[in-house]
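Asks: Starting off with a structure, shown below.
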Amino acid sequence: MSTSRLIAASELHNSAQRDSNARVTRWMLIYIVVALALAAMSLLVGTSSLRTSLEWLRSPASISEAVLWNIRLPRALGAWLAGALLGLGGAIAQNLFRNPLAEPYLLGSASGAALGVTVCLMAADVSLSGLAWMGELGVTGAAFVGAAAGITLTLTLCRGVVQTASLLLAGVVVAFLLSAITSLLLLRSPDTWRAMQSFLLGTTGFLGWRSAGLLAFVFVIGLIPAVLLSRGLDTLTLGEDTARSLGLPIGALRVGLLALLSLATAAAVSQAGIVGFVGLVAPHLVRESVHVNSRQLIIAAPLCGGVLLQAADLASRWIIRPSELPVGIVTACLGGAYLVVLLWRRAQRE
Amino acid sequence: MMHVPRALLALAAALLASQALPHEPIVLSDAAHQELRLDAPPKRIVSLLPSLTESVCELGECGRLVATDRYSNWPESVQALPKAGGLEDVLVEQVVRAKPDIVLLIHAPRVLDRLRGLGIVTFEFEAQTYSDIARNISILGVMLGVPERARSLNAHIEQSVAAVAAESRRRLAGRAPRVYYEVDNGPWGAGPQSFIGEELARLGARNILTPDLGPFPKLNPEYVVRANPDVILISPAEAPNLGNRPGWSEIRAVRERRVCTFPPDVRDTVIRPGPRIATGLQALAECLIRVTP
Amino acid sequence: MNSVLQARAPATPVLSAHDITVCFGPRTVLDSLSLDITAACWTSIIGPNGCGKSTLLKTLAGLIDPQGGTVALEGRPLNAWPGRERAKRVAWLPQSTMASDLTVRDCVALGRFPYTGWLGNTRFADEEAIARALKATGAAEWSARRVSTLSGGERQRVSLARLLAVEASILLLDEPTTHLDPPHQIDIASILRQQAHRRGGIIVSAIHDMSVALMADRVIVMGPRSLVGHGTVSEALEGDWLSRAFGTEISIVRSGASYVWQPRLPG
């Protein structure tokens with residue numbers, strides 16, 4: 001085997017590889033550029049007309065400063081970060097469960113968060129003494145705790161991470177159970193119902209610098225380990241037994257990925273409520289545009305998810321201004337429409 | 001024969017005669033233009049709206065109530081009555097078991113269909129605005145056979161309201177505070193067309209929401225920041241956290257702590273278009289007078 | 001057991017099973033089976049369906065923990081080896097191939113996981129191993145194509161390339177030729193031969209096509225309950241191992257350089 005022939009073969013592959021990498025990089029740049037453009041537009045869109053917003057930029061006053069820099073900018077950033085976390089969660093979930101319909105809320109995180117927020121609102125309103133600490137935690141803290149509790153319950157129910165099928169099933173069961181308890185509580189304290197609505201439908205309305213900072217922190221400590229673990233995901237595509245035979249510690253990989261999924265989802269839900277479809281659609285959108293391996297997906301899906309939620313936030317503020325739509329409704333419409341297009345294209349191909 | 005005063009005899013005769021005469025049948029038309037014919041005031045009433053419950057009791061006919069919705073909580077005697085759920089989720093069985101002669105409620109199609117299908121007599125009210133209060137009390141007065149009491153109750157309410165409003169305007173001394181009333185976390189605000197909006201206007205306050213937004217719009221929080229209200233009225237749970245909402249620390253009401261909160265029982269008097277409106281108005285007025293700059 | 005073919009390369013690693021018992025629920029598949037694989041040659045596992053060929057291979061690879069007994073690699077118990085160290089020495093190929101969105105080259109590169117680890121940065125040695133594996137299996141020309149676009153036979157060759165990329169001294173293959181047409185089956189057989197003879201690798205495969213299976217140097221004949229025999233191909237054919245294992249008369253005829261199974265119709 002002469003080295004030159006080997007290298008020639010390598011070259012053939014290398015150029016193809018480089019083309020593919022270039023394409024992926026190009027898409028990532030597109031996502032980033034679009035995100036920046038949307039952020040700029042976010043400064044101009046809200047309860048004021050375009051002209052007014054532009055005037056503000058030129059000659060700021062204290063109120064307009066507050067609106068532009070304390071409300072609109074952190075809101076756009078927070079929306080991007082929440083979307084990115086959901087995109088990351090979706091990429092991890094779809095890879096972990098080897099199921100293209102998997103999404104970050106599968107393990108009962110959404111219903112757990114909803115229950116946490118319900119208890120918190122009730123505790124604040126009705127002053128249930130035993131749960132007063134829940135009220136003090138605040139809505140975001142309660143949502144986070146609730147999401148974590150939901151996931152823990154799922155994992156306990158299926159006793160570990162051995163079987164992904166039973167994990168999915170346990171997640172569905174826990175989601176139903178926690179939703180039922182939430183509904184029961186809401187019946188007894190009906191004043192909480194309308195306040196819950198905004199959480200259940202997703203809201204970016206109160207994302208300020210503090211929320212954005214928290215989301216950014218979670219995003220960084222979530223993305224880096226996920227990228228490191230992503231090669232293991234590629235190896236998993238060969239099959240569990242083969243991956244194990246190559247020395248991949250599957251159990252540890254699963255635990256790590258689940259922890260990251262839980263963290264990302266809980267953080268996003270605690271700040272933005274239950275925003276649907278972003279976690280499901282972002283990885284699909286990436287894969288439909290370009291072929292990616294696991295590592296590229298783990299990086300590109302958050303970029304895509306961030307753009308999606310940013311766009312949805314912008315739309316929710318603009319469509320019925322000065323009122324606003326819950327952002328979850330916008331993502332549901334956009335996401336649903338996209339999935340319909342996807343199905344139609346698949347049918348055409350066959 | 002004893003000398004019984006002739007006037008007394010005449011009175012007795014008149015009374016006996018009035019008992020013998022047949023009552024006029026009660027004919028009423030409800031909010032959905034359905035006609036109601038009753039021979040006598042209903043003896044067993046189910047009320048599915050707290051303001052109607054309160055009106056019935058203020059007219060002195062509390063004894064006729066056999067069941068209410070879960071939100072009716074005033075006066076205290078009502079709390080012991082069986083509860084038949086809310087408007088969206090009426091416990092039909094409870095209603096039927098109470099064997100009502102009539103059910104009082106506002107427009108809720110599924111409930112109406114179900115109850116009518118079971119042969120229960122229903123009467124629809126409208127309870128959205130200030131004028132509805134007087135109208136509903138009058139209707140109840142006729143229905144329950146106490147029209148004079150209804151008239152006097154309405155007069156009393158109008159007097160009290162006028163008094164509170166006048167006093168409030170006097171104490172505000174020409175100041176017309178710009179107010180924001182938050183109904184729920186969302187944020188959902190109370191617009192000028194809502195009942196709450198009407199009350200605030202009566203007291204001389206100006207609503208930062210415009211009529212075109214509707215009675216209870218879901219707002220972009222930015223709107224409130226831009227409007228920069230002088231006074232914010234909000235639930236006690238949210239009040240401490242207003243400064244944490246992004247950008248809200250710029251609002252005058254937040255900076256200068258001009259925030260009004262009401263405990264649940266007081267809040268009931270504010271949001272229910274019923275006979276206790278004067279109390280609610282008083283609570284609003286007191287707060288406004290206290291915090292308006 | 002005497003091995004006719006001696007080790008061709010120095011320091012042959014040893015894989016041995018002592019009294020291993022493997023049960024799936026109530027069913028015992030391997031019952032106190034003992035086996036020593038020492039020689040640097042290609043050994044075929046032959047036996048009827050359900051006798052436990054796949055199970056044996058998986059147990060030797062460390063993918064199944066036997067309920068009884070131990071498997072030892074170079075004298076140490078298999079589960080005492082850290083995962084990647086064991087993976088560098090023992091490589092396993094499954095029966096089924098997975099469809100993947102990766103390119104052929106990336107797929108084969110995954111075989112270097114024991115060396116590159118989580119970060120996945122390949123060095124020159126890794127690149128060479130990958131290139132060699134692609135060349136040996138004739139998959140080099142598809143290296144930029146996606147695995148999902150290949151046919152079943154082509155995917156099997158890519159899987160084999162992935163296995164070869166590990167450059168482990170012990171290769172365990174479970175039905176590596178099922179989807180291949182006869183010329184390609186012969187290609188695989190010659191690859192396995194090469195690996196055994198020129199590189200001193202220990203190859204153990206389970207191939208149900210008798211003619212191909214008997215191209216190996218040695219055989220392990222498994223019956224429905226136990227190990228029937230372990231020796232050279234000639235020993236197996238001289239004795240009645242095959243007939244005992246399959247429970248019927250098996251007639252193998254030598255035709256030129258290969259063995260052909262002559263099926264006899266009943267009656």
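We name chains A, B, ... following the order of the structure tokens; residues begin at 1 in each chain, and ligands are numbered from 1 as shown.
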Quick one: contact table of chain B to chain A, 10 Å max, nearest atom pair and distance in Å to one decimal per residue, counting only C-alpha atoms, chain and number order, as JSON lines?
Replies:
{"residue": "B:Arg70", "atom": "CA", "partner": "A:Arg188", "partner_atom": "CA", "distance": 9.5}
{"residue": "B:Tyr71", "atom": "CA", "partner": "A:Pro190", "partner_atom": "CA", "distance": 9.1}
{"residue": "B:Gly85", "atom": "CA", "partner": "A:Leu187", "partner_atom": "CA", "distance": 9.2}
{"residue": "B:Gly86", "atom": "CA", "partner": "A:Pro190", "partner_atom": "CA", "distance": 9.1}
{"residue": "B:Asp89", "atom": "CA", "partner": "A:Leu187", "partner_atom": "CA", "distance": 9.5}
{"residue": "B:Val183", "atom": "CA", "partner": "A:Arg194", "partner_atom": "CA", "distance": 9.3}
{"residue": "B:Asp184", "atom": "CA", "partner": "A:Ala195", "partner_atom": "CA", "distance": 5.7}
{"residue": "B:Asn185", "atom": "CA", "partner": "A:Ala195", "partner_atom": "CA", "distance": 4.9}
{"residue": "B:Gly186", "atom": "CA", "partner": "A:Ser198", "partner_atom": "CA", "distance": 5.4}
{"residue": "B:Pro187", "atom": "CA", "partner": "A:Ser198", "partner_atom": "CA", "distance": 8.3}
{"residue": "B:Trp188", "atom": "CA", "partner": "A:Ala195", "partner_atom": "CA", "distance": 8.9}
{"residue": "B:Leu213", "atom": "CA", "partner": "A:Ser323", "partner_atom": "CA", "distance": 7.5}
{"residue": "B:Pro217", "atom": "CA", "partner": "A:Ser323", "partner_atom": "CA", "distance": 6.7}
{"residue": "B:Lys218", "atom": "CA", "partner": "A:Ser323", "partner_atom": "CA", "distance": 5.7}
{"residue": "B:Leu219", "atom": "CA", "partner": "A:Ser323", "partner_atom": "CA", "distance": 4.5}
{"residue": "B:Asn220", "atom": "CA", "partner": "A:Glu324", "partner_atom": "CA", "distance": 5.5}
{"residue": "B:Pro221", "atom": "CA", "partner": "A:Gly205", "partner_atom": "CA", "distance": 6.4}
{"residue": "B:Glu222", "atom": "CA", "partner": "A:Val67", "partner_atom": "CA", "distance": 6.4}
{"residue": "B:Tyr223", "atom": "CA", "partner": "A:Thr47", "partner_atom": "CA", "distance": 6.0}
{"residue": "B:Val224", "atom": "CA", "partner": "A:Thr47", "partner_atom": "CA", "distance": 9.7}
{"residue": "B:Val225", "atom": "CA", "partner": "A:Val67", "partner_atom": "CA", "distance": 7.1}
{"residue": "B:Arg226", "atom": "CA", "partner": "A:Ile63", "partner_atom": "CA", "distance": 6.4}
{"residue": "B:Ala227", "atom": "CA", "partner": "A:Ile63", "partner_atom": "CA", "distance": 9.2}
{"residue": "B:Asn228", "atom": "CA", "partner": "A:Ile63", "partner_atom": "CA", "distance": 8.2}
{"residue": "B:Ser235", "atom": "CA", "partner": "A:Asp125", "partner_atom": "CA", "distance": 8.7}
{"residue": "B:Pro236", "atom": "CA", "partner": "A:Asp125", "partner_atom": "CA", "distance": 7.9}
{"residue": "B:Ala237", "atom": "CA", "partner": "A:Ala124", "partner_atom": "CA", "distance": 5.7}
{"residue": "B:Glu238", "atom": "CA", "partner": "A:Ala124", "partner_atom": "CA", "distance": 8.8}
{"residue": "B:Asn241", "atom": "CA", "partner": "A:Gly138", "partner_atom": "CA", "distance": 9.3}
{"residue": "B:Asn244", "atom": "CA", "partner": "A:Gly208", "partner_atom": "CA", "distance": 8.6}
{"residue": "B:Arg245", "atom": "CA", "partner": "A:Phe206", "partner_atom": "CA", "distance": 6.1}
{"residue": "B:Pro246", "atom": "CA", "partner": "A:Gly208", "partner_atom": "CA", "distance": 4.7}
{"residue": "B:Gly247", "atom": "CA", "partner": "A:Asn70", "partner_atom": "CA", "distance": 5.1}
{"residue": "B:Trp248", "atom": "CA", "partner": "A:Ala66", "partner_atom": "CA", "distance": 8.1}
{"residue": "B:Ser249", "atom": "CA", "partner": "A:Ala66", "partner_atom": "CA", "distance": 8.8}
{"residue": "B:Glu250", "atom": "CA", "partner": "A:Ile63", "partner_atom": "CA", "distance": 6.7}
{"residue": "B:Ile251", "atom": "CA", "partner": "A:Ile63", "partner_atom": "CA", "distance": 8.1}
{"residue": "B:Pro263", "atom": "CA", "partner": "A:Asp125", "partner_atom": "CA", "distance": 9.4}
{"residue": "B:Pro264", "atom": "CA", "partner": "A:Asp125", "partner_atom": "CA", "distance": 8.7}
Asks: Write out, as a PDB file, in the first residue's frame, the residues just selected, with C-alpha atoms.
Replies:
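New file out_1.pdb:
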ATOM      1  CA  ARG B  70     -68.748  28.661  43.362  1.00  0.00           C
ATOM      2  CA  TYR B  71     -67.770  32.311  43.199  1.00  0.00           C
ATOM      3  CA  GLY B  85     -69.564  25.008  39.729  1.00  0.00           C
ATOM      4  CA  GLY B  86     -68.742  28.026  37.577  1.00  0.00           C
ATOM      5  CA  ASP B  89     -68.279  24.219  33.985  1.00  0.00           C
ATOM      6  CA  VAL B 183     -56.647  42.459  35.802  1.00  0.00           C
ATOM      7  CA  ASP B 184     -54.264  39.531  35.447  1.00  0.00           C
ATOM      8  CA  ASN B 185     -50.682  38.647  34.837  1.00  0.00           C
ATOM      9  CA  GLY B 186     -50.199  38.673  31.078  1.00  0.00           C
ATOM     10  CA  PRO B 187     -50.560  41.518  31.293  1.00  0.00           C
ATOM     11  CA  TRP B 188     -54.294  41.937  30.832  1.00  0.00           C
ATOM     12  CA  LEU B 213     -58.249  48.147  22.520  1.00  0.00           C
ATOM     13  CA  PRO B 217     -56.889  43.588  26.090  1.00  0.00           C
ATOM     14  CA  LYS B 218     -53.700  41.595  26.431  1.00  0.00           C
ATOM     15  CA  LEU B 219     -51.009  44.214  26.290  1.00  0.00           C
ATOM     16  CA  ASN B 220     -47.453  44.532  25.214  1.00  0.00           C
ATOM     17  CA  PRO B 221     -45.790  45.525  28.524  1.00  0.00           C
ATOM     18  CA  GLU B 222     -44.041  48.244  26.586  1.00  0.00           C
ATOM     19  CA  TYR B 223     -47.375  50.011  26.241  1.00  0.00           C
ATOM     20  CA  VAL B 224     -47.629  50.622  29.946  1.00  0.00           C
ATOM     21  CA  VAL B 225     -44.056  51.877  30.130  1.00  0.00           C
ATOM     22  CA  ARG B 226     -44.658  54.340  27.344  1.00  0.00           C
ATOM     23  CA  ALA B 227     -47.945  55.511  28.822  1.00  0.00           C
ATOM     24  CA  ASN B 228     -46.200  56.176  32.130  1.00  0.00           C
ATOM     25  CA  SER B 235     -53.131  42.391  42.590  1.00  0.00           C
ATOM     26  CA  PRO B 236     -51.234  42.183  45.885  1.00  0.00           C
ATOM     27  CA  ALA B 237     -49.119  39.299  44.587  1.00  0.00           C
ATOM     28  CA  GLU B 238     -47.716  41.250  41.677  1.00  0.00           C
ATOM     29  CA  ASN B 241     -42.386  42.672  41.732  1.00  0.00           C
ATOM     30  CA  ASN B 244     -38.432  43.692  38.275  1.00  0.00           C
ATOM     31  CA  ARG B 245     -40.405  43.916  35.073  1.00  0.00           C
ATOM     32  CA  PRO B 246     -37.997  45.112  32.416  1.00  0.00           C
ATOM     33  CA  GLY B 247     -38.273  48.833  31.891  1.00  0.00           C
ATOM     34  CA  TRP B 248     -41.036  49.297  34.450  1.00  0.00           C
ATOM     35  CA  SER B 249     -38.778  50.937  36.992  1.00  0.00           C
ATOM     36  CA  GLU B 250     -38.965  54.000  34.731  1.00  0.00           C
ATOM     37  CA  ILE B 251     -42.703  54.311  35.258  1.00  0.00           C
ATOM     38  CA  PRO B 263     -57.361  42.070  49.107  1.00  0.00           C
ATOM     39  CA  PRO B 264     -59.665  39.495  47.476  1.00  0.00           C
TER      40      PRO B 264
END
Asks: Between chain C and chain A, at 6 Å or less, what are the per-residue closest atom pairs and their distances in Å? Count only C-alpha atoms, order by chain and rising residue number, and return it as JSON lines.
Replies:
{"residue": "C:Gly83", "atom": "CA", "partner": "A:Gly247", "partner_atom": "CA", "distance": 4.3}
{"residue": "C:Arg84", "atom": "CA", "partner": "A:Gly247", "partner_atom": "CA", "distance": 4.3}
{"residue": "C:Ala87", "atom": "CA", "partner": "A:Leu246", "partner_atom": "CA", "distance": 5.0}
{"residue": "C:Met98", "atom": "CA", "partner": "A:Leu238", "partner_atom": "CA", "distance": 5.9}
{"residue": "C:Pro114", "atom": "CA", "partner": "A:Leu246", "partner_atom": "CA", "distance": 6.0}
{"residue": "C:Trp118", "atom": "CA", "partner": "A:Arg231", "partner_atom": "CA", "distance": 5.7}
{"residue": "C:Ala131", "atom": "CA", "partner": "A:Leu6", "partner_atom": "CA", "distance": 5.8}
{"residue": "C:Ser143", "atom": "CA", "partner": "A:His13", "partner_atom": "CA", "distance": 5.9}
{"residue": "C:Ala144", "atom": "CA", "partner": "A:His13", "partner_atom": "CA", "distance": 5.6}
Asks: Kindly give the distance, in Å, that separates CA of Lys53 in chain C and CA of His179 in chain C, rounded to a single decimal.
Replies: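 Distance reported for this atom pair: 18.4 Å.
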Asks: Any idea what the distance is between CA of Glu126 in chain B and CA of Val179 in chain B?
Replies: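 Answer for the CA of Glu126 in chain B to CA of Val179 in chain B separation: 26.7 Å.
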Asks: Write out as a PyMOL selection string which residues come within 8 Å of range 196-202 of chain B when counting only C-alpha atoms, dropping same-chain ones fewer than 4 positions away.
Replies: chain B and resi 129-130+165+190-192+206-207+270-271+281+284
Asks: Need the shell around range 131-140 of chain B: protein/DNA/RNA residues with any atom at most 7 Å away, counting only C-alpha atoms. Skip same-chain ones fewer than 5 positions apart. Format as a PyMOL selection string?
Replies: chain B and resi 55+126+147+150-151+154+273-274
Asks: For the selection you just gave me, I'd like the residues written to a file as a PDB file, in the first residue's frame, keeping C-alpha atoms.
Replies:
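Below is the file that was written, selection_20.pdb:
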ATOM      1  CA  SER B  55     -78.785  41.553  44.273  1.00  0.00           C
ATOM      2  CA  GLU B 126     -76.454  41.048  30.991  1.00  0.00           C
ATOM      3  CA  PRO B 147     -90.689  46.120  42.870  1.00  0.00           C
ATOM      4  CA  ALA B 150     -85.989  47.297  44.023  1.00  0.00           C
ATOM      5  CA  ARG B 151     -86.733  50.892  43.267  1.00  0.00           C
ATOM      6  CA  ASN B 154     -81.588  51.388  43.036  1.00  0.00           C
ATOM      7  CA  PRO B 273     -71.445  44.941  38.696  1.00  0.00           C
ATOM      8  CA  GLY B 274     -73.789  44.422  41.601  1.00  0.00           C
TER       9      GLY B 274
END
Asks: Quick one: pull the distance between CA of Thr118 in chain A and CA of Leu201 in chain A, Å, one decimal.
Replies: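 Between CA of Thr118 in chain A and CA of Leu201 in chain A the gap is 13.8 Å.
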Asks: Counting only C-alpha atoms, what is within 9 Å of range 24-33 of chain C, bar same-chain residues fewer than 2 positions away, as a VMD selection string?
Replies: chain C and resid 17 to 22 35 50 to 52 55 to 56 66 68 to 69 224 to 227
Asks: Would you output that residue set with N, CA and C atoms, as an mmCIF file, in the first residue's frame?
Replies:
data_model
loop_
_atom_site.group_PDB
_atom_site.id
_atom_site.type_symbol
_atom_site.label_atom_id
_atom_site.label_comp_id
_atom_site.auth_asym_id
_atom_site.auth_seq_id
_atom_site.Cartn_x
_atom_site.Cartn_y
_atom_site.Cartn_z
ATOM 1 N N ALA C 17 -12.681 -18.183 26.739
ATOM 2 C CA ALA C 17 -13.921 -18.236 27.497
ATOM 3 C C ALA C 17 -13.868 -19.434 28.419
ATOM 4 N N HIS C 18 -14.169 -19.240 29.715
ATOM 5 C CA HIS C 18 -14.175 -20.336 30.673
ATOM 6 C C HIS C 18 -15.579 -20.573 31.162
ATOM 7 N N ASP C 19 -16.168 -21.703 30.784
ATOM 8 C CA ASP C 19 -17.447 -22.124 31.373
ATOM 9 C C ASP C 19 -18.528 -21.051 31.288
ATOM 10 N N ILE C 20 -18.643 -20.435 30.153
ATOM 11 C CA ILE C 20 -19.630 -19.357 30.114
ATOM 12 C C ILE C 20 -21.031 -19.922 29.894
ATOM 13 N N THR C 21 -21.960 -19.369 30.643
ATOM 14 C CA THR C 21 -23.365 -19.731 30.510
ATOM 15 C C THR C 21 -24.147 -18.462 30.228
ATOM 16 N N VAL C 22 -24.928 -18.475 29.179
ATOM 17 C CA VAL C 22 -25.741 -17.303 28.839
ATOM 18 C C VAL C 22 -27.185 -17.750 28.706
ATOM 19 N N LEU C 35 -13.716 -22.181 25.684
ATOM 20 C CA LEU C 35 -13.128 -22.001 24.367
ATOM 21 C C LEU C 35 -11.848 -21.202 24.481
ATOM 22 N N GLY C 50 -30.013 -20.943 15.748
ATOM 23 C CA GLY C 50 -30.401 -20.911 17.150
ATOM 24 C C GLY C 50 -29.440 -21.597 18.087
ATOM 25 N N CYS C 51 -28.289 -22.068 17.577
ATOM 26 C CA CYS C 51 -27.364 -22.745 18.490
ATOM 27 C C CYS C 51 -26.531 -21.761 19.275
ATOM 28 N N GLY C 52 -26.625 -20.492 18.936
ATOM 29 C CA GLY C 52 -25.945 -19.505 19.764
ATOM 30 C C GLY C 52 -24.706 -18.917 19.148
ATOM 31 N N THR C 55 -24.773 -15.196 19.812
ATOM 32 C CA THR C 55 -24.611 -14.982 21.246
ATOM 33 C C THR C 55 -23.173 -15.193 21.663
ATOM 34 N N LEU C 56 -22.548 -16.235 21.111
ATOM 35 C CA LEU C 56 -21.156 -16.501 21.462
ATOM 36 C C LEU C 56 -20.263 -15.341 21.045
ATOM 37 N N PRO C 66 -22.023 -12.849 30.658
ATOM 38 C CA PRO C 66 -22.546 -14.204 30.877
ATOM 39 C C PRO C 66 -23.034 -14.371 32.303
ATOM 40 N N GLY C 68 -22.811 -17.047 33.920
ATOM 41 C CA GLY C 68 -21.806 -17.826 34.631
ATOM 42 C C GLY C 68 -20.521 -17.834 33.837
ATOM 43 N N GLY C 69 -19.388 -17.956 34.506
ATOM 44 C CA GLY C 69 -18.110 -18.041 33.820
ATOM 45 C C GLY C 69 -17.577 -16.677 33.418
ATOM 46 N N PRO C 224 -26.760 -27.964 19.100
ATOM 47 C CA PRO C 224 -27.858 -27.295 19.796
ATOM 48 C C PRO C 224 -27.636 -27.168 21.287
ATOM 49 N N ARG C 225 -26.865 -28.049 21.881
ATOM 50 C CA ARG C 225 -26.691 -27.965 23.337
ATOM 51 C C ARG C 225 -25.268 -27.605 23.723
ATOM 52 N N SER C 226 -24.304 -27.950 22.884
ATOM 53 C CA SER C 226 -22.926 -27.816 23.366
ATOM 54 C C SER C 226 -21.965 -27.633 22.208
ATOM 55 N N LEU C 227 -20.714 -27.442 22.599
ATOM 56 C CA LEU C 227 -19.645 -27.336 21.616
ATOM 57 C C LEU C 227 -19.337 -28.736 21.101
#
Asks: So which residues touch Val166 in chain C within 8 Å, counting only C-alpha atoms, skipping near sequence neighbours fewer than 6 positions away, as number ranges by chain?
Replies: C: 88, 91, 111-112, 114, 129
Asks: Rank nothing, just name the residue among C:Ala216, C:Val90, C:Ile170, C:Leu63 nearest to Arg199 in chain C, using only C-alpha atoms.
Replies: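 Closest candidate: C:Ile170.
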Asks: Which residues are near range 26-32 of chain A? Cut-off 8 Å, only C-alpha atoms, ignore same chain within fewer than 3 positions. Put them as a ChimeraX atom specification.
Replies: /A:22-23,35-36,290,300,303-304,307
Asks: Please dump the current selection as a PDB file, in the first residue's frame; keep C-alpha atoms.
Replies:
ATOM      1  CA  ALA A  22     -18.403  24.840   3.734  1.00  0.00           C
ATOM      2  CA  ARG A  23     -22.092  24.436   3.084  1.00  0.00           C
ATOM      3  CA  ALA A  35     -30.637  36.852  13.950  1.00  0.00           C
ATOM      4  CA  LEU A  36     -28.770  40.158  13.925  1.00  0.00           C
ATOM      5  CA  VAL A 290     -28.012  20.696   4.568  1.00  0.00           C
ATOM      6  CA  ALA A 300     -26.796  24.666  14.009  1.00  0.00           C
ATOM      7  CA  LEU A 303     -28.876  28.954  15.823  1.00  0.00           C
ATOM      8  CA  CYS A 304     -31.990  28.038  13.874  1.00  0.00           C
ATOM      9  CA  VAL A 307     -33.985  32.790  14.820  1.00  0.00           C
TER      10      VAL A 307
END
Asks: With distances taken over only C-alpha atoms, which of C:Asn121, C:Gln262, C:Ser169, C:Asn79 is nearest to Gln195 in chain C?
Replies: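 Closest candidate: C:Ser169.
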Asks: With distances taken over only C-alpha atoms, which of C:Ala61, C:Leu119, C:Cys23, C:Leu102 is nearest to Arg145 in chain C?
Replies: C:Leu102
Asks: Taking the DSSP assignment computed from this structure's backbone, write out as a VMD selection string all residues of range 17-141 of chain C that belong to strand (DSSP E).
Replies: chain C and resid 17 to 24 27 to 37 42 to 46 68 to 73 76 to 77 90 to 93
Asks: Using the chain letters and numbers from this document, which residues of range 12-155 of chain C does DSSP assign to alpha helix (DSSP H), as a ChimeraX atom specification?
Replies: /C:53-61,83-89,104-109,113-116,124-136,152-155
